[in-house]
Each structure stands twice: as C-alpha cells, then as structure tokens.
$ cat coords25.csv   # CSV, C-alpha atoms
chain,number,residue,atom,x,y,z
G,268,MET,CA,-101.3,57.9,76.6
G,269,ASN,CA,-100.0,54.5,75.7
G,270,GLU,CA,-100.1,53.6,72.0
G,271,ASN,CA,-97.9,50.5,71.9
G,272,ALA,CA,-99.1,47.8,69.6
G,273,LEU,CA,-98.6,44.0,69.2
G,274,ILE,CA,-98.2,43.1,65.6
G,275,ILE,CA,-98.9,39.4,64.6
G,276,ASN,CA,-97.5,38.2,61.3
G,277,SER,CA,-98.8,34.9,60.1
G,278,THR,CA,-99.4,32.9,56.9
G,279,ASP,CA,-102.5,31.1,55.8
G,280,LEU,CA,-102.7,27.6,54.6
G,281,LEU,CA,-101.6,28.6,51.1
G,282,GLY,CA,-98.6,30.5,52.4
G,283,ASN,CA,-100.1,34.0,51.9
G,284,LYS,CA,-98.8,36.6,54.4
G,285,LEU,CA,-101.3,38.1,56.9
G,286,GLN,CA,-100.8,40.8,59.5
G,287,ARG,CA,-103.0,41.9,62.4
G,288,THR,CA,-102.4,44.5,65.0
G,289,VAL,CA,-103.6,44.7,68.6
G,290,THR,CA,-103.3,48.3,69.8
G,291,CYS,CA,-102.8,49.7,73.3
G,292,THR,CA,-100.6,46.9,74.6
G,293,ASN,CA,-98.9,47.3,77.9
G,294,ASP,CA,-95.2,48.0,77.6
G,295,GLY,CA,-94.6,46.8,81.1
G,296,ALA,CA,-95.9,43.3,80.3
G,297,ALA,CA,-93.4,40.4,80.2
G,298,ARG,CA,-92.2,39.3,76.8
G,299,ASP,CA,-93.4,35.7,77.4
G,300,LYS,CA,-96.9,36.9,78.3
G,301,MET,CA,-97.0,39.0,75.1
G,302,LEU,CA,-95.9,36.0,73.1
G,303,THR,CA,-98.5,33.8,74.7
G,304,LEU,CA,-101.1,36.4,73.7
G,305,ALA,CA,-99.9,36.4,70.1
G,306,GLN,CA,-100.0,32.6,70.1
G,307,GLY,CA,-103.4,32.5,71.7
G,308,ILE,CA,-105.0,34.9,69.2
G,309,ASN,CA,-103.4,33.0,66.3
G,310,ALA,CA,-104.6,29.7,67.7
G,311,LEU,CA,-108.2,30.8,67.1
G,312,SER,CA,-107.4,30.6,63.4
G,313,THR,CA,-105.9,28.1,61.0
G,314,ASN,CA,-103.0,30.4,60.3
G,315,THR,CA,-99.4,29.7,61.1
G,316,LEU,CA,-97.7,32.2,63.4
G,317,VAL,CA,-94.5,33.6,61.8
G,318,GLU,CA,-93.5,36.5,64.0
G,319,ALA,CA,-94.8,38.6,66.9
G,320,LYS,CA,-93.6,42.2,67.4
G,321,ARG,CA,-94.3,44.8,70.0
G,322,VAL,CA,-94.0,48.3,68.5
G,323,GLU,CA,-93.6,51.5,70.6
G,324,LYS,CA,-95.1,54.4,68.9
G,325,VAL,CA,-93.1,57.6,68.7
G,326,ASP,CA,-94.7,60.7,70.2
G,327,LEU,CA,-92.9,63.6,68.6
G,328,ASP,CA,-94.6,66.2,70.8
G,329,GLU,CA,-92.5,65.0,73.8
G,330,ASP,CA,-89.3,65.8,72.0
G,331,PRO,CA,-88.4,69.5,72.7
G,332,ASP,CA,-86.4,69.7,69.6
G,333,GLY,CA,-89.2,68.4,67.5
G,334,GLY,CA,-87.1,65.7,66.0
G,335,TYR,CA,-87.2,62.0,66.1
G,336,LYS,CA,-87.1,60.5,69.6
G,337,PRO,CA,-84.4,57.9,69.8
G,338,GLY,CA,-84.8,54.6,71.6
G,339,ALA,CA,-88.2,53.8,70.2
G,340,GLY,CA,-88.7,51.1,67.7
G,341,PHE,CA,-89.4,47.4,67.1
G,342,ASP,CA,-89.2,44.9,69.9
G,343,VAL,CA,-89.2,41.5,68.3
G,344,ILE,CA,-90.5,38.7,70.4
G,345,ASN,CA,-88.8,35.6,69.4
G,346,LEU,CA,-90.9,32.5,68.7
G,347,PRO,CA,-89.8,29.2,70.2
G,348,ASP,CA,-87.5,27.2,67.9
G,349,ASP,CA,-89.5,24.1,67.9
G,350,THR,CA,-92.9,22.8,68.9
G,351,PRO,CA,-92.1,20.4,71.8
G,352,ALA,CA,-92.2,16.8,70.6
G,353,ASP,CA,-95.1,14.9,71.9
G,354,GLU,CA,-94.5,11.2,72.8
G,355,GLY,CA,-97.0,8.9,71.2
G,356,LYS,CA,-97.3,10.9,68.1
G,357,ASN,CA,-96.0,9.9,64.7
G,358,ASN,CA,-92.7,11.5,63.5
G,359,PRO,CA,-93.3,12.2,59.8
G,360,THR,CA,-90.5,13.0,57.3
G,361,ILE,CA,-90.2,15.5,54.5
G,362,THR,CA,-88.1,14.4,51.6
G,363,LEU,CA,-87.0,16.6,48.7
G,364,SER,CA,-86.1,15.3,45.2
G,365,SER,CA,-83.4,18.0,45.0
G,366,SER,CA,-81.8,19.8,47.8
G,367,VAL,CA,-79.8,22.5,45.8
G,368,VAL,CA,-81.3,25.4,43.9
G,369,ALA,CA,-79.4,27.6,41.5
G,370,LYS,CA,-79.8,31.4,41.6
G,371,ASN,CA,-80.0,33.6,38.6
G,372,THR,CA,-78.5,37.0,38.3
G,373,MET,CA,-81.2,39.6,37.7
G,374,ASN,CA,-79.4,42.9,37.9
G,375,SER,CA,-76.4,44.5,39.6
G,376,TYR,CA,-78.1,44.6,43.0
G,377,PHE,CA,-80.1,41.4,43.4
G,378,SER,CA,-80.0,37.8,42.4
G,379,GLU,CA,-83.3,36.2,41.6
G,380,VAL,CA,-84.1,32.8,42.8
G,381,GLY,CA,-86.8,31.0,41.0
G,382,TYR,CA,-87.7,27.4,41.9
G,383,TYR,CA,-90.9,26.6,40.1
G,384,ASP,CA,-91.9,23.0,40.4
G,385,ALA,CA,-88.3,22.0,40.3
G,386,ALA,CA,-88.4,19.7,43.2
G,387,THR,CA,-91.1,17.3,44.3
G,388,ILE,CA,-91.8,16.9,48.0
G,389,THR,CA,-92.7,13.7,49.7
G,390,TYR,CA,-94.4,14.1,53.1
G,391,ASP,CA,-96.0,11.3,55.0
G,392,GLY,CA,-97.7,13.4,57.8
G,393,ASP,CA,-100.9,15.3,57.9
G,394,GLY,CA,-99.7,18.8,58.9
G,395,VAL,CA,-99.3,21.8,56.6
G,396,LEU,CA,-95.9,22.5,55.0
G,397,TYR,CA,-94.4,25.9,54.9
G,398,ILE,CA,-91.0,27.6,54.4
G,399,GLU,CA,-89.7,29.5,57.4
G,400,PRO,CA,-88.9,33.2,56.9
G,401,TYR,CA,-85.3,33.7,56.3
G,402,SER,CA,-83.2,36.8,57.1
G,403,PHE,CA,-79.6,37.4,56.5
G,404,SER,CA,-77.4,40.1,57.9
G,405,GLY,CA,-73.7,39.5,57.3
G,406,GLY,CA,-72.1,42.9,56.7
G,407,VAL,CA,-74.3,43.8,53.7
G,408,ASN,CA,-77.5,44.2,55.7
G,409,VAL,CA,-79.7,42.0,53.5
G,410,THR,CA,-83.1,40.6,54.2
G,411,ALA,CA,-84.6,38.0,51.9
G,412,ARG,CA,-88.0,36.6,52.7
G,413,PRO,CA,-89.3,33.9,50.4
G,414,THR,CA,-92.7,33.9,49.0
G,415,CYS,CA,-93.7,30.3,48.4
G,416,LYS,CA,-96.6,27.9,47.9
G,417,ILE,CA,-96.6,24.2,48.2
G,418,ILE,CA,-99.1,22.9,45.8
G,419,ASP,CA,-100.8,19.6,45.3
G,420,ASP,CA,-100.4,18.4,41.7
G,421,ASN,CA,-102.6,15.3,41.4
G,422,GLY,CA,-101.4,13.9,44.7
G,423,THR,CA,-97.7,15.0,44.3
G,424,LYS,CA,-96.7,18.0,46.5
G,425,LYS,CA,-94.5,20.5,44.6
G,426,LEU,CA,-92.7,23.5,45.8
G,427,ARG,CA,-93.2,26.9,44.2
G,428,PHE,CA,-90.7,29.3,45.5
G,429,PHE,CA,-89.5,32.8,44.8
G,430,SER,CA,-87.0,35.1,46.6
G,431,PHE,CA,-84.5,37.8,46.1
G,432,LEU,CA,-80.9,37.7,47.5
G,433,HIS,CA,-78.5,40.5,47.5
G,434,LYS,CA,-75.7,40.0,45.0
G,435,ALA,CA,-73.2,40.0,47.8
G,436,VAL,CA,-74.6,36.8,49.1
G,437,ASN,CA,-72.4,34.3,47.2
G,438,ASN,CA,-72.4,31.4,49.5
G,439,GLY,CA,-75.1,28.8,50.0
G,440,VAL,CA,-78.2,30.0,51.8
G,441,VAL,CA,-80.1,27.4,53.6
G,442,TYR,CA,-83.9,27.5,53.8
G,443,ASN,CA,-86.0,25.3,56.1
G,444,ILE,CA,-89.2,23.6,55.2
G,445,ARG,CA,-91.3,22.7,58.2
G,446,SER,CA,-94.6,21.0,58.8
G,447,THR,CA,-97.1,22.1,61.4
G,448,ALA,CA,-97.7,19.8,64.3
G,449,THR,CA,-101.1,18.1,64.5
G,450,ASP,CA,-103.0,15.9,67.0
G,451,SER,CA,-101.4,12.8,65.5
G,452,CYS,CA,-98.0,14.1,64.1
G,453,ASN,CA,-95.0,16.0,65.5
G,454,THR,CA,-93.4,18.7,63.4
G,455,ALA,CA,-90.9,17.7,60.7
G,456,THR,CA,-88.2,19.7,58.9
G,457,ALA,CA,-86.1,19.5,55.8
G,458,THR,CA,-83.6,22.0,54.2
G,459,PHE,CA,-82.5,23.0,50.8
G,460,THR,CA,-79.7,25.3,49.7
G,461,VAL,CA,-79.7,28.1,47.2
G,462,GLN,CA,-76.3,28.6,45.5
R,293,MET,CA,-116.0,28.1,32.1
R,294,ALA,CA,-118.2,28.4,35.1
R,295,ASP,CA,-118.5,31.0,37.7
R,296,ILE,CA,-115.7,31.1,40.3
R,297,VAL,CA,-116.7,31.2,44.0
R,298,LYS,CA,-114.2,32.2,46.7
R,299,GLN,CA,-114.9,32.3,50.4
R,300,LYS,CA,-113.2,34.4,53.1
R,301,ASN,CA,-114.0,34.0,56.8
R,302,VAL,CA,-113.2,36.6,59.4
R,303,LEU,CA,-113.3,36.4,63.1
R,304,SER,CA,-114.1,39.6,64.9
R,305,LEU,CA,-113.3,39.8,68.6
R,306,GLU,CA,-114.6,42.8,70.5
R,307,MET,CA,-112.5,43.6,73.6
R,308,GLU,CA,-114.2,45.5,76.4
R,309,PHE,CA,-112.4,47.9,78.8
R,310,THR,CA,-113.3,48.9,82.3
R,311,ASP,CA,-114.2,52.4,81.1
R,312,GLY,CA,-116.7,51.1,78.6
R,313,ASP,CA,-114.3,51.5,75.6
R,314,THR,CA,-114.1,48.7,73.1
R,315,ARG,CA,-111.6,47.7,70.5
R,316,THR,CA,-112.1,45.1,67.8
R,317,ILE,CA,-109.5,42.7,66.4
R,318,ASN,CA,-110.3,41.1,63.0
R,319,PHE,CA,-108.6,37.8,62.2
R,320,ASP,CA,-108.7,35.8,59.0
R,321,ASN,CA,-109.4,32.1,58.7
R,322,PRO,CA,-111.0,31.2,62.1
R,323,LYS,CA,-111.1,27.6,63.0
R,324,ALA,CA,-114.3,25.8,62.3
R,325,ASN,CA,-114.7,24.4,65.8
R,326,LEU,CA,-114.2,27.6,67.9
R,327,GLY,CA,-116.0,27.6,71.2
R,328,ALA,CA,-116.8,30.2,73.8
R,329,ALA,CA,-114.5,28.5,76.3
R,330,GLN,CA,-111.4,29.0,74.1
R,331,ILE,CA,-112.2,32.7,73.5
R,332,ASN,CA,-113.1,33.4,77.1
R,333,SER,CA,-109.9,31.8,78.2
R,334,LEU,CA,-107.8,34.1,76.0
R,335,GLY,CA,-109.8,37.1,77.3
R,336,SER,CA,-109.2,36.1,80.9
R,337,PHE,CA,-105.5,35.7,80.2
R,338,MET,CA,-105.3,39.2,78.7
R,339,ALA,CA,-107.2,40.7,81.7
R,340,GLU,CA,-105.2,38.9,84.4
R,341,ASN,CA,-101.9,39.9,83.0
R,342,LYS,CA,-102.9,43.4,82.0
R,343,LEU,CA,-101.6,42.9,78.5
R,344,VAL,CA,-103.9,45.4,76.9
R,345,ILE,CA,-104.8,48.7,78.4
R,346,GLY,CA,-107.1,51.5,77.3
R,347,ASP,CA,-105.6,54.5,75.6
R,348,LYS,CA,-108.0,57.1,77.0
R,349,GLN,CA,-108.1,56.6,80.8
R,350,GLY,CA,-105.6,53.9,81.4
R,351,ALA,CA,-108.4,51.4,81.8
R,352,ASP,CA,-107.9,47.7,82.0
R,353,VAL,CA,-109.3,45.2,79.5
R,354,LYS,CA,-112.1,43.1,81.0
R,355,GLY,CA,-112.2,40.5,78.3
R,356,PHE,CA,-114.0,39.8,75.1
R,357,ARG,CA,-117.6,41.1,74.9
R,358,SER,CA,-118.5,39.5,71.7
R,359,ALA,CA,-117.1,37.3,69.0
R,360,LYS,CA,-118.5,36.9,65.5
R,361,ILE,CA,-117.5,35.0,62.4
R,362,THR,CA,-118.3,36.6,59.1
R,363,ARG,CA,-118.5,34.3,56.2
R,364,GLY,CA,-118.0,36.2,53.0
R,365,THR,CA,-118.6,34.6,49.6
R,366,THR,CA,-117.4,36.3,46.5
R,367,THR,CA,-118.6,35.1,43.1
R,368,TYR,CA,-116.7,35.9,39.9
R,369,LEU,CA,-119.3,35.6,37.2
R,370,ASP,CA,-118.4,33.9,33.9
R,371,LEU,CA,-119.2,36.5,31.2
R,372,ASN,CA,-118.6,34.1,28.3
R,373,ASP,CA,-121.5,33.0,26.3

$ encode --input "coords25.csv" --output "structure tokens"
Amino acid sequence: MNENALIINSTDLLGNKLQRTVTCTNDGAARDKMLTLAQGINALSTNTLVEAKRVEKVDLDEDPDGGYKPGAGFDVINLPDDTPADEGKNNPTITLSSSVVAKNTMNSYFSEVGYYDAATITYDGDGVLYIEPYSFSGGVNVTARPTCKIIDDNGTKKLRFFSFLHKAVNNGVVYNIRSTATDSCNTATATFTVQ
Amino acid sequence: MADIVKQKNVLSLEMEFTDGDTRTINFDNPKANLGAAQINSLGSFMAENKLVIGDKQGADVKGFRSAKITRGTTTYLDLND
C-alpha cells in the first residue's frame, strides 16, 4: 500500500498561509514531474506557490521491533529560484523607504521582530508583492518564517511584518520581497535586513 | 456599522482511478477564468506520468472526473441598534 503524499504550501493574495495535500502519490515519479504537478494544481488558483513537499508515510507494522522506521521523512522539492524573464514585458522595481529593521529582545530564547507600517513600498508593476519564506540553520538550528501582509493605505503600499528569530542570530538577516510575474510584467525583487 | 460580508471560493477536483476509486482535492481561491481545457490538461499530465496511484489496488489515475467551484458567502450581522 502506498500512502505517500504531495503537500503544497502556498499563500493567498493577502499573504495568509494555505496548505493542501494530494495523497497516494507515486514515490517512483521524478522530482521535476512532481514539482510540475504542484505548480499545475496551484496554477488553477490565484495563490502563490511557496513550497512543495513529498512525504513518505511511516508504516510501523513493517518494523519487526515495533519502533520508528528510519529513512522515512520529508522530501522537499525545491522551487525554481526565479520565474524566467520574458522579453517584451516591463521590468518593474520595488523600492523601500527603509532597508534596515531593528529587532527587539522578547525573552531569553527569541528576539521579536515587529515592523508595522515602518516602511513604505513603492512598486510600479501590477503583480502581487509577497515576502519569501526564510529559513536559517547555522549551528543553532533555527527556523524563522515571517508572517506578513502588504496593505494598501490610500494608494500607498505599506509592509506589515512579524517574525521570531533565535537570540543566537545576531548578525543581519536578509529577507526578500518579490512580486509575482504577470502577463505584462516580469518579477521584481527587493531586500531588507533585520539587525 | 453595517453587516460584514466575506466570500470564500473553493475549487474541488475529483480524481478518478482505473479501479473506480475517487479522491478529491479542495483548493482555495480558484481563478475566475478557469476552463475545462486547463483542468483536463493537468489530469492528462498526472495520468501520463503516473504521478498519483490508487491506494487499494495499485490503480492508475485516469484524470479528473469533475470539477466544481463552491462560492461561499458569510455574513456577519451587525447587532447594534
């Protein structure tokens, strides 16, 4: 019995996280085919694809010792770094009024990063802006994924952003803001640093 | 204050397998201009590459048997006088 699953993580137009699962996927299928499947399903929606994972379920009955069977786990299918640029489209730009954000100490384990309306965003394209998920693993095994919304305040786009960072992360952490490609615009990127 | 109305649309794709089994994927925020060709193309891709298999008899996926978009409207009533 094959119980593998394809998990599709995405965000809606407001940046809210969504997750959908396709069960009974073929573990012998090529990674690029599975990625194309995830992209194809996501393309039926207005959501932005963040990550695709193939998960192998663990069947404990097959383990004579009754314990956890090693070797099973997540198989992350990497997304392409960039949408290929399309000649003839406009190349919009994202401009931030401030590119550095200060972090605040919350407790002995985490630092809180709040960035509420602190920077205004100028964007001259027509795609949707979003912040790419960020993960950090530098000896302290930390993952920090931002929750964010880019709101329209009377015509001015502002960034609302919230994240946790492990206290051991002392150096600047760079986040990417990206726009989705449209029929008339290529994707654009900008970065800001949390220190 | 007035009533607040929120809408959530869901796309339900029903996959059909060669043994007659079905599985349904529900996906939020379907595009407004979805057509049968786009959905059938994805179903054919899944079938040709055997990306999804049945869990009971090892059956292959045939494609999508049906697709529906459910438009759910939720109204939060204003209870103030």

$ atom_distance --input "coords25.csv" --atom1 "atom CA of G:Leu316" --atom2 "atom CA of G:Leu273"
13.2 Å

$ residues_around --input "coords25.csv" --residues "R:Glu308" --least-positions-apart "3" --cutoff "7 Å" --atoms "only C-alpha atoms" --output "list of chain:residue names"
R:Gly312, R:Asp313, R:Thr314, R:Arg315, R:Val353, R:Lys354, R:Gly355, R:Phe356, R:Arg357

$ write_last_selection --input "coords25.csv" --atoms "C-alpha atoms" --output "PDB file, in the coordinates of the input"
ATOM      1  CA  GLY R 312    -116.700  51.100  78.600  1.00  0.00           C
ATOM      2  CA  ASP R 313    -114.300  51.500  75.600  1.00  0.00           C
ATOM      3  CA  THR R 314    -114.100  48.700  73.100  1.00  0.00           C
ATOM      4  CA  ARG R 315    -111.600  47.700  70.500  1.00  0.00           C
ATOM      5  CA  VAL R 353    -109.300  45.200  79.500  1.00  0.00           C
ATOM      6  CA  LYS R 354    -112.100  43.100  81.000  1.00  0.00           C
ATOM      7  CA  GLY R 355    -112.200  40.500  78.300  1.00  0.00           C
ATOM      8  CA  PHE R 356    -114.000  39.800  75.100  1.00  0.00           C
ATOM      9  CA  ARG R 357    -117.600  41.100  74.900  1.00  0.00           C
TER      10      ARG R 357
END

$ interface_residues --input "coords25.csv" --of "chain R" --to "chain G" --cutoff "10 Å" --atoms "all atoms listed in the file" --output "tab-separated table (two decimals) with C-alpha atoms, keeping the file's coordinate frame"
chain	number	residue	atom	x	y	z
R	301	ASN	CA	-114.00	34.00	56.80
R	302	VAL	CA	-113.20	36.60	59.40
R	303	LEU	CA	-113.30	36.40	63.10
R	305	LEU	CA	-113.30	39.80	68.60
R	315	ARG	CA	-111.60	47.70	70.50
R	316	THR	CA	-112.10	45.10	67.80
R	317	ILE	CA	-109.50	42.70	66.40
R	318	ASN	CA	-110.30	41.10	63.00
R	319	PHE	CA	-108.60	37.80	62.20
R	320	ASP	CA	-108.70	35.80	59.00
R	321	ASN	CA	-109.40	32.10	58.70
R	322	PRO	CA	-111.00	31.20	62.10
R	323	LYS	CA	-111.10	27.60	63.00
R	324	ALA	CA	-114.30	25.80	62.30
R	325	ASN	CA	-114.70	24.40	65.80
R	326	LEU	CA	-114.20	27.60	67.90
R	327	GLY	CA	-116.00	27.60	71.20
R	330	GLN	CA	-111.40	29.00	74.10
R	331	ILE	CA	-112.20	32.70	73.50
R	333	SER	CA	-109.90	31.80	78.20
R	334	LEU	CA	-107.80	34.10	76.00
R	335	GLY	CA	-109.80	37.10	77.30
R	337	PHE	CA	-105.50	35.70	80.20
R	338	MET	CA	-105.30	39.20	78.70
R	341	ASN	CA	-101.90	39.90	83.00
R	342	LYS	CA	-102.90	43.40	82.00
R	343	LEU	CA	-101.60	42.90	78.50
R	344	VAL	CA	-103.90	45.40	76.90
R	345	ILE	CA	-104.80	48.70	78.40
R	346	GLY	CA	-107.10	51.50	77.30
R	347	ASP	CA	-105.60	54.50	75.60
R	348	LYS	CA	-108.00	57.10	77.00
R	349	GLN	CA	-108.10	56.60	80.80
R	350	GLY	CA	-105.60	53.90	81.40
R	352	ASP	CA	-107.90	47.70	82.00

$ atom_distance --input "coords25.csv" --atom1 "atom CA of R:Gln299" --atom2 "atom CA of R:Tyr368"
11.2 Å

$ atom_distance --input "coords25.csv" --atom1 "atom CA of R:Thr310" --atom2 "atom CA of G:Lys320"
25.6 Å

$ closest_residue --input "coords25.csv" --among "R:Thr366, R:Ser358, R:Asn332, R:Asn372" --to "R:Glu306" --atoms "only C-alpha atoms"
R:Ser358
